[in-house]
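Asker: Have a peek at structure-v3.csv (CSV, C-alpha atoms and all ligand atoms).
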```csv
chain,number,residue,atom,x,y,z
O,1385,MET,CA,0.0,0.0,0.0
O,1386,ASN,CA,1.2,3.5,-0.9
O,1387,THR,CA,1.0,5.5,2.4
O,1388,PRO,CA,1.2,9.4,2.3
O,1389,LYS,CA,4.4,11.3,2.7
O,1390,ASP,CA,2.8,14.0,4.8
O,1391,LEU,CA,0.1,14.6,7.4
O,1392,LEU,CA,-1.3,18.1,6.7
O,1393,THR,CA,-5.1,17.8,7.2
O,1394,ILE,CA,-7.7,15.2,7.8
O,1395,GLU,CA,-9.3,16.2,4.4
O,1396,ALA,CA,-6.2,14.9,2.6
O,1397,LEU,CA,-6.5,11.4,4.1
O,1398,SER,CA,-8.4,8.5,2.6
O,1399,ASP,CA,-10.7,6.4,4.8
O,1400,GLU,CA,-8.1,3.6,4.6
O,1401,ASP,CA,-5.5,6.0,5.9
O,1402,ILE,CA,-7.7,7.1,8.9
O,1403,HIS,CA,-8.7,3.5,9.8
O,1404,SER,CA,-5.1,2.2,9.4
O,1405,ILE,CA,-3.7,4.9,11.7
O,1406,LEU,CA,-6.4,4.4,14.3
O,1407,ASP,CA,-5.9,0.6,14.3
O,1408,ARG,CA,-2.2,0.9,14.5
O,1409,THR,CA,-2.6,3.3,17.5
O,1410,ALA,CA,-3.8,0.4,19.5
O,1411,GLU,CA,-0.7,-1.6,18.7
O,1412,MET,CA,1.5,1.4,19.6
O,1413,LYS,CA,-0.3,1.9,22.8
O,1414,ALA,CA,0.5,-1.6,23.9
O,1415,ILE,CA,4.2,-0.9,23.2
O,1416,PHE,CA,4.1,2.5,24.9
O,1417,THR,CA,2.2,1.4,28.0
O,1418,GLY,CA,4.2,-1.8,28.2
O,1419,ARG,CA,7.4,0.3,28.6
O,1420,GLN,CA,8.7,-1.3,25.3
O,1421,ASN,CA,10.4,0.3,22.3
O,1422,SER,CA,10.1,-0.4,18.6
O,1423,ASN,CA,12.8,-0.2,16.0
O,1424,VAL,CA,10.7,0.9,13.1
O,1425,LEU,CA,12.3,4.4,12.9
O,1426,ALA,CA,15.9,3.3,13.8
O,1427,GLY,CA,18.4,5.3,11.8
O,1428,ARG,CA,15.7,8.0,11.0
O,1429,SER,CA,15.9,11.6,12.1
O,1430,VAL,CA,13.0,13.6,13.4
O,1431,LEU,CA,12.9,17.3,13.8
O,1432,THR,CA,10.3,19.2,15.9
O,1433,LEU,CA,10.0,22.8,14.7
O,1434,PHE,CA,7.6,24.8,16.8
O,1435,TYR,CA,7.1,28.5,16.1
O,1436,GLU,CA,4.3,28.6,18.7
O,1437,PRO,CA,4.2,27.3,22.3
O,1438,SER,CA,3.2,23.7,23.0
O,1439,THR,CA,3.3,21.3,26.0
O,1440,ARG,CA,1.4,18.2,24.8
O,1441,THR,CA,2.0,18.0,21.1
O,1442,ARG,CA,5.7,18.6,21.1
O,1443,SER,CA,6.6,16.5,24.0
O,1444,SER,CA,4.4,13.6,22.9
O,1445,PHE,CA,5.8,13.7,19.3
O,1446,GLU,CA,9.3,13.6,20.7
O,1447,LEU,CA,8.5,10.8,23.1
O,1448,ALA,CA,6.7,8.9,20.2
O,1449,ALA,CA,9.7,9.3,17.9
O,1450,ARG,CA,12.1,8.0,20.7
O,1451,LYS,CA,9.8,5.1,21.4
O,1452,LEU,CA,10.3,4.2,17.7
O,1453,SER,CA,14.1,4.5,18.0
O,1454,ALA,CA,14.4,7.7,15.9
O,1455,ASP,CA,17.0,10.4,16.6
O,1456,VAL,CA,15.2,13.5,17.7
O,1457,THR,CA,16.3,17.1,17.2
O,1458,THR,CA,14.3,19.9,19.0
O,1459,PHE,CA,14.5,23.2,17.2
O,1460,SER,CA,14.0,26.0,19.7
O,1461,VAL,CA,12.8,29.1,17.8
O,1462,ALA,CA,13.6,31.5,20.7
O,1463,THR,CA,17.3,30.5,20.7
O,1464,SER,CA,17.7,30.0,17.0
O,1465,SER,CA,18.7,32.2,14.1
O,1466,VAL,CA,15.0,32.8,13.5
O,1467,VAL,CA,15.4,35.7,15.9
O,1468,LYS,CA,18.2,37.1,13.7
O,1469,GLY,CA,15.7,37.1,10.8
O,1470,GLU,CA,16.3,33.7,9.1
O,1471,SER,CA,13.2,32.8,7.0
O,1472,VAL,CA,11.2,29.6,7.3
O,1473,HIS,CA,12.4,28.6,3.8
O,1474,ASP,CA,16.1,29.1,4.7
O,1475,THR,CA,15.6,27.4,8.1
O,1476,ILE,CA,14.2,24.3,6.3
O,1477,ASP,CA,17.0,24.2,3.7
O,1478,THR,CA,19.5,24.4,6.6
O,1479,LEU,CA,17.9,21.7,8.6
O,1480,MET,CA,17.3,19.4,5.5
O,1481,SER,CA,21.1,19.6,4.9
O,1482,MET,CA,21.2,17.6,8.2
O,1483,HIS,CA,19.2,14.8,6.4
O,1484,MET,CA,16.0,15.1,8.4
O,1485,ASP,CA,13.4,12.4,7.5
O,1486,TYR,CA,10.4,13.9,9.5
O,1487,ILE,CA,9.7,17.5,10.2
O,1488,ILE,CA,6.9,18.2,12.8
O,1489,VAL,CA,5.9,21.9,12.5
O,1490,ARG,CA,3.7,24.3,14.3
O,1491,HIS,CA,3.2,27.8,13.0
O,1492,LYS,CA,0.8,30.7,13.6
O,1493,ASN,CA,0.2,31.1,9.9
O,1494,SER,CA,-2.3,28.7,8.2
O,1495,GLY,CA,-0.7,26.7,5.4
O,1496,ILE,CA,3.0,26.9,6.4
O,1497,PRO,CA,3.3,23.1,6.9
O,1498,GLY,CA,1.9,22.6,3.4
O,1499,VAL,CA,4.4,25.0,1.9
O,1500,ILE,CA,7.3,23.2,3.7
O,1501,ALA,CA,5.9,19.8,2.5
O,1502,LYS,CA,6.1,20.8,-1.1
O,1503,HIS,CA,9.6,22.1,-0.7
O,1504,CYS,CA,11.3,19.1,0.9
O,1505,LYS,CA,11.6,15.3,0.8
O,1506,ALA,CA,11.0,14.8,4.5
O,1507,SER,CA,7.6,13.8,5.8
O,1508,VAL,CA,6.0,17.0,7.1
O,1509,ILE,CA,3.5,16.6,10.0
O,1510,ASN,CA,1.2,19.6,10.7
O,1511,ALA,CA,1.3,20.1,14.5
O,1512,GLY,CA,-1.1,23.0,14.3
O,1513,ASP,CA,-1.1,25.9,11.7
O,1514,GLY,CA,-3.0,29.0,12.7
O,1515,ALA,CA,-6.8,28.4,12.9
O,1516,HIS,CA,-6.5,25.8,10.0
O,1517,ALA,CA,-5.7,22.3,11.1
O,1518,HIS,CA,-4.4,20.0,13.9
O,1519,PRO,CA,-4.7,16.5,12.5
O,1520,SER,CA,-2.7,14.6,15.1
O,1521,GLN,CA,-5.1,16.0,17.7
O,1522,ALA,CA,-8.0,14.6,15.7
O,1523,PHE,CA,-6.4,11.2,15.7
O,1524,LEU,CA,-5.9,11.1,19.5
O,1525,ASP,CA,-9.4,12.4,20.1
O,1526,ALA,CA,-10.9,9.8,17.8
O,1527,PHE,CA,-8.9,7.0,19.4
O,1528,THR,CA,-9.9,8.1,22.9
O,1529,LEU,CA,-13.6,7.9,21.9
O,1530,ARG,CA,-13.1,4.6,20.2
O,1531,GLU,CA,-11.7,3.2,23.4
O,1532,LYS,CA,-14.7,4.6,25.3
O,1533,PHE,CA,-17.5,3.7,22.9
O,1534,ASP,CA,-15.9,1.1,20.5
O,1535,SER,CA,-17.6,3.0,17.7
O,1536,LEU,CA,-18.3,6.6,17.1
O,1537,ALA,CA,-21.3,5.8,14.7
O,1538,GLY,CA,-24.4,7.6,16.0
O,1539,LYS,CA,-22.6,9.4,18.8
O,1540,ARG,CA,-23.3,13.1,19.4
O,1541,ILE,CA,-20.4,15.4,20.1
O,1542,VAL,CA,-20.9,19.1,20.9
O,1543,ILE,CA,-17.8,21.3,20.6
O,1544,VAL,CA,-18.1,24.3,22.9
O,1545,GLY,CA,-16.2,27.6,22.9
O,1546,ASP,CA,-14.1,29.5,20.4
O,1547,ILE,CA,-14.8,27.6,17.2
O,1548,LEU,CA,-13.8,30.4,15.0
O,1549,HIS,CA,-10.1,30.4,15.9
O,1550,SER,CA,-9.8,26.7,16.5
O,1551,ARG,CA,-7.8,24.4,14.4
O,1552,VAL,CA,-8.8,21.6,16.8
O,1553,ALA,CA,-12.5,22.2,16.1
O,1554,ARG,CA,-11.9,22.0,12.3
O,1555,SER,CA,-9.8,18.8,12.3
O,1556,THR,CA,-11.6,17.0,15.1
O,1557,SER,CA,-15.1,17.7,13.9
O,1558,LEU,CA,-14.2,16.4,10.4
O,1559,MET,CA,-12.7,13.3,11.9
O,1560,MET,CA,-15.7,12.6,14.1
O,1561,GLN,CA,-18.1,13.0,11.1
O,1562,ARG,CA,-16.0,10.7,8.9
O,1563,LEU,CA,-16.3,8.1,11.7
O,1564,GLY,CA,-20.1,8.4,11.7
O,1565,ALA,CA,-20.7,10.8,14.7
O,1566,SER,CA,-22.9,13.8,14.7
O,1567,VAL,CA,-21.2,17.1,15.6
O,1568,ALA,CA,-22.7,20.4,16.8
O,1569,TYR,CA,-21.0,23.7,17.8
O,1570,MET,CA,-21.9,25.9,20.8
O,1571,GLY,CA,-20.4,29.2,22.0
O,1572,PRO,CA,-20.7,32.9,21.9
O,1573,GLY,CA,-22.4,34.0,18.7
O,1574,SER,CA,-19.3,35.9,17.6
O,1575,LEU,CA,-17.1,32.8,17.9
O,1576,VAL,CA,-19.3,30.2,16.3
O,1577,PRO,CA,-19.6,30.2,12.5
O,1578,THR,CA,-23.0,29.8,11.0
O,1579,THR,CA,-24.5,26.5,10.0
O,1580,ALA,CA,-24.7,27.8,6.4
O,1581,HIS,CA,-20.9,28.2,6.5
O,1582,THR,CA,-20.0,24.9,8.1
O,1583,GLY,CA,-23.0,22.6,7.6
O,1584,ILE,CA,-22.8,21.9,11.4
O,1585,PRO,CA,-25.7,22.8,13.8
O,1586,ARG,CA,-24.9,26.0,15.7
O,1587,PHE,CA,-26.1,26.5,19.3
O,1588,THR,CA,-25.5,29.5,21.4
O,1589,ASP,CA,-26.8,28.3,24.8
O,1590,TRP,CA,-26.6,25.3,27.1
O,1591,ASP,CA,-30.3,24.6,27.1
O,1592,THR,CA,-30.2,23.7,23.4
O,1593,VAL,CA,-27.1,21.5,24.1
O,1594,PHE,CA,-29.0,19.6,26.8
O,1595,GLU,CA,-32.0,19.2,24.5
O,1596,TRP,CA,-29.7,17.7,21.9
O,1597,HIS,CA,-28.5,15.1,24.4
O,1598,PRO,CA,-24.8,14.9,23.7
O,1599,ASP,CA,-22.6,11.9,24.5
O,1600,VAL,CA,-19.5,14.1,24.5
O,1601,VAL,CA,-19.0,17.7,25.4
O,1602,TYR,CA,-15.6,18.9,24.0
O,1603,LEU,CA,-14.5,22.2,25.5
O,1604,LEU,CA,-12.2,24.6,23.7
O,1605,ARG,CA,-10.0,27.4,25.1
O,1606,VAL,CA,-10.8,31.0,24.0
O,1607,GLN,CA,-7.8,31.9,21.9
O,1608,ASN,CA,-7.2,35.5,22.9
O,1609,GLU,CA,-3.9,35.4,21.1
O,1610,ARG,CA,-5.7,35.1,17.7
O,1611,MET,CA,-8.0,38.2,18.5
O,1612,ASP,CA,-7.1,41.8,18.0
O,1613,SER,CA,-9.9,42.9,20.4
O,1614,PRO,CA,-12.3,40.9,22.7
O,1615,PHE,CA,-15.2,39.1,20.9
O,1616,PHE,CA,-17.4,38.9,24.0
O,1617,PRO,CA,-17.4,40.2,27.6
O,1618,ALA,CA,-14.8,37.9,29.2
O,1619,ALA,CA,-16.1,38.2,32.8
O,1620,ASP,CA,-19.3,36.3,32.0
O,1621,TYR,CA,-17.8,33.5,30.0
O,1622,HIS,CA,-17.9,30.7,32.6
O,1623,GLN,CA,-21.5,31.4,33.6
O,1624,ALA,CA,-22.6,31.6,30.0
O,1625,PHE,CA,-20.5,28.9,28.3
O,1626,GLY,CA,-18.5,27.0,30.8
O,1627,VAL,CA,-19.2,23.7,32.6
O,1628,THR,CA,-20.4,25.0,35.9
O,1629,GLU,CA,-21.1,22.7,38.9
O,1630,GLU,CA,-24.8,22.8,38.1
O,1631,ARG,CA,-24.2,21.8,34.4
O,1632,LEU,CA,-21.7,19.1,35.5
O,1633,LEU,CA,-24.5,17.5,37.5
O,1634,ARG,CA,-26.7,17.5,34.4
O,1635,LEU,CA,-23.9,16.0,32.3
O,1636,ASP,CA,-23.3,13.4,35.0
O,1637,ALA,CA,-27.0,12.4,34.9
O,1638,MET,CA,-26.7,12.0,31.1
O,1639,ASP,CA,-23.5,10.0,31.5
O,1640,ALA,CA,-21.9,12.4,29.1
O,1641,CYS,CA,-18.1,12.6,28.6
O,1642,ILE,CA,-15.9,15.7,28.9
O,1643,MET,CA,-13.0,16.3,26.6
O,1644,HIS,CA,-10.6,19.3,26.1
O,1645,PRO,CA,-7.4,19.5,24.0
O,1646,GLY,CA,-5.6,21.5,26.7
O,1647,PRO,CA,-4.4,23.7,28.1
O,1648,VAL,CA,-7.5,24.0,30.3
O,1649,ASN,CA,-8.3,27.3,32.0
O,1650,ARG,CA,-9.9,26.2,35.3
O,1651,GLY,CA,-12.9,28.4,36.2
O,1652,VAL,CA,-13.3,29.5,32.6
O,1653,GLU,CA,-14.1,26.4,30.4
O,1654,LEU,CA,-14.4,24.0,33.3
O,1655,CYS,CA,-15.1,24.3,37.0
O,1656,ASP,CA,-12.6,22.4,39.3
O,1657,ALA,CA,-15.1,19.6,39.9
O,1658,ALA,CA,-15.3,18.9,36.2
O,1659,MET,CA,-11.5,18.1,36.2
O,1660,ASP,CA,-12.2,15.3,38.6
O,1661,TYR,CA,-15.4,14.1,36.9
O,1662,ARG,CA,-15.6,10.3,36.4
O,1663,ASN,CA,-16.2,10.8,32.6
O,1664,ASN,CA,-13.4,13.4,32.1
O,1665,LEU,CA,-11.2,12.0,29.3
O,1666,VAL,CA,-8.6,14.8,29.3
O,1667,CYS,CA,-5.8,12.6,30.7
O,1668,ASN,CA,-6.8,9.7,28.4
O,1669,GLN,CA,-6.4,12.2,25.5
O,1670,VAL,CA,-2.9,13.1,26.6
O,1671,GLU,CA,-1.9,9.4,27.1
O,1672,ASN,CA,-3.3,8.4,23.7
O,1673,GLY,CA,-1.5,11.3,22.1
O,1674,VAL,CA,1.8,9.4,22.4
O,1675,ALA,CA,0.4,6.3,20.8
O,1676,ALA,CA,-1.4,8.2,18.1
O,1677,ARG,CA,1.8,10.0,17.2
O,1678,MET,CA,3.8,6.8,17.2
O,1679,SER,CA,1.2,5.4,14.7
O,1680,ILE,CA,1.3,8.5,12.5
O,1681,LEU,CA,5.1,8.6,12.4
O,1682,SER,CA,5.3,4.9,11.5
O,1683,TYR,CA,2.6,5.2,8.8
O,1684,LEU,CA,4.0,8.1,6.8
O,1685,HIS,CA,6.5,7.4,4.0
O,1686,PRO,CA,9.2,10.2,3.7
O,1687,SER,CA,10.7,10.6,0.1
O,1688,THR,CA,14.1,10.5,1.8
O,1689,LEU,CA,13.7,6.7,2.1
O,1690,SER,CA,13.9,6.3,-1.6
O,1691,LEU,CA,17.2,8.2,-1.9
D,1,LIG,N1,-3.6,20.1,22.3
D,1,LIG,C1,-2.5,20.9,22.1
D,1,LIG,O1,-2.2,21.2,20.9
D,1,LIG,O2,-1.8,21.2,23.2
D,1,LIG,P1,-0.4,21.9,23.2
D,1,LIG,O3,-0.6,23.3,22.7
D,1,LIG,O4,0.1,21.9,24.6
D,1,LIG,O5,0.5,21.2,22.2
```
Starting from the coordinates I provided, produce the structure as structure tokens.
Ligand code: CP
Answerer:
Amino acid sequence: MNTPKDLLTIEALSDEDIHSILDRTAEMKAIFTGRQNSNVLAGRSVLTLFYEPSTRTRSSFELAARKLSADVTTFSVATSSVVKGESVHDTIDTLMSMHMDYIIVRHKNSGIPGVIAKHCKASVINAGDGAHAHPSQAFLDAFTLREKFDSLAGKRIVIVGDILHSRVARSTSLMMQRLGASVAYMGPGSLVPTTAHTGIPRFTDWDTVFEWHPDVVYLLRVQNERMDSPFFPAADYHQAFGVTEERLLRLDAMDACIMHPGPVNRGVELCDAAMDYRNNLVCNQVENGVAARMSILSYLHPSTLSL
């Protein structure tokens, strides 16, 4: 089977790619949680190139690459020649001269990973580009829900918060739909695109969410760093759109799950009690992030391998 060179978006993947990566994630999780290593990337070089901050994505990609026996180089933008004005293009040329096989890139501008992928033989993995896409997050989210429910077919997932600026919302909702789930969006009217624009039901209050009877409530952080000025009155956010203690009781009664890509702002998206809720899957998401990224790395086929 010809596997793709790059992982840029969920849209670019076939159903076979999606199911193969998810199935392989289970195998990788057994290796990872069993404190084992695999040799599938022995001799390969992996670069993480993050122009935006990250805790989960970067550390789990690096751990995943090491679990597969790759050599890992961490590129630190703040201490690199980027601060002296070196362009992305010249940075990539420089690093490709070191024979990288995989480049994992995060950038504030949508489309940068795709530009890099066209330009070099390494497999390029989009670790988040602007408000565009975050495909590895979609894989770890889907795998987490497959573990919980076996199948996503017929499940109802409402994504709550700043949809407009969220690459997670775009990639994860498309992934969930391709696996047979129904997706809805809820949040401040200024931060939720219209149904005419997305084809996804748009709610602006919790009453409608509860009437819709979700199996999963997926909270998103408000991305103030992508707004020039506030899109809503910040002081009211938790009461209007967060999981308060009262809403948590209602979700508990419905046996609904809570997810969040992180970082969580306690007291904004989620009350403290929601972090300890029996159906809070946030730590499962982080754990599965390592296995999903091992699967992605082992599935892609860099052009450097045919040199
Ligand atoms: N979910 C996610 O992308 O988290 P980080 O920003 O910590 O990588």
Asker: Looking at O:Leu1536, O:Val1593, O:Ile1394, O:Leu1681, which one is nearest to Ser1566 in chain O, with distances taken over only C-alpha atoms?
Answerer: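 Ranked by minimum distance to Ser1566 in chain O, first place goes to O:Leu1536.
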Asker: Can you tell me, as a PDB file with C-alpha atoms, keeping the file's coordinate frame, what residues are no more than 7 Å from Glu1436 in chain O when counting only C-alpha atoms, ignoring any on the same chain fewer than 2 positions away?
Answerer:
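The result, stored in part-v4.pdb:
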```pdb
ATOM      1  CA  PHE O1434       7.600  24.800  16.800  1.00  0.00           C
ATOM      2  CA  SER O1438       3.200  23.700  23.000  1.00  0.00           C
ATOM      3  CA  ARG O1490       3.700  24.300  14.300  1.00  0.00           C
ATOM      4  CA  HIS O1491       3.200  27.800  13.000  1.00  0.00           C
ATOM      5  CA  LYS O1492       0.800  30.700  13.600  1.00  0.00           C
TER       6      LYS O1492
END
```
Asker: Pick from O:Gln1420, O:Ser1550, O:Ser1494, O:Thr1528: nearest to ligand LIG 1 (chain D), with only C-alpha atoms and all ligand atoms counted?
Answerer: O:Ser1550
Asker: List the neighbours of Glu1595 in chain O out to 12 Å using all atoms listed in the file; skip same-chain residues closer than 6 positions along the sequence, and give me the result as a PDB file with C-alpha atoms, in the coordinates of the input.
Answerer:
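Below is the file around32.pdb, written as the result:
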```
ATOM      1  CA  ARG O1540     -23.300  13.100  19.400  1.00  0.00           C
ATOM      2  CA  VAL O1542     -20.900  19.100  20.900  1.00  0.00           C
ATOM      3  CA  PHE O1587     -26.100  26.500  19.300  1.00  0.00           C
ATOM      4  CA  ASP O1589     -26.800  28.300  24.800  1.00  0.00           C
ATOM      5  CA  ARG O1634     -26.700  17.500  34.400  1.00  0.00           C
ATOM      6  CA  LEU O1635     -23.900  16.000  32.300  1.00  0.00           C
ATOM      7  CA  MET O1638     -26.700  12.000  31.100  1.00  0.00           C
TER       8      MET O1638
END
```
Asker: So which residues fall inside 7 Å of (-12.9, 7.7, 14.2) if we count all atoms listed in the file? Mind giving them as a list in words?
Answerer: Ala1526, Phe1527, Arg1530, Leu1536, Met1559, Met1560, Arg1562 and Leu1563 of chain O
Asker: I'd like the neighbourhood of Asp1477 in chain O as number ranges by chain, where a residue qualifies if any of its atoms comes within 10 Å (using only C-alpha atoms), though same-chain residues fewer than 4 positions away should be ignored.
Answerer: O: 1471-1473, 1481-1482, 1500, 1503-1504
Asker: Would you export the selected residues with C-alpha atoms as a CSV table (one decimal), keeping the file's coordinate frame, please?
Answerer:
```
chain,number,residue,atom,x,y,z
O,1471,SER,CA,13.2,32.8,7.0
O,1472,VAL,CA,11.2,29.6,7.3
O,1473,HIS,CA,12.4,28.6,3.8
O,1481,SER,CA,21.1,19.6,4.9
O,1482,MET,CA,21.2,17.6,8.2
O,1500,ILE,CA,7.3,23.2,3.7
O,1503,HIS,CA,9.6,22.1,-0.7
O,1504,CYS,CA,11.3,19.1,0.9
```
Asker: I need the residue nearest Ser1429 in chain O from this list: O:Leu1665, O:Met1659, O:Leu1689, O:Ala1522. Use only C-alpha atoms for the distance.
Answerer: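 That would be O:Leu1689, the residue with the smallest distance to Ser1429 in chain O.
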Asker: Kindly extract all protein, DNA and RNA residues lying within 9 Å of the coordinates (-20.8, 15.3, 26.5) given in the file, considering all atoms listed in the file, and supply them as a ChimeraX atom specification.
Answerer: /O:1540-1543,1597-1602,1635,1638-1643,1663
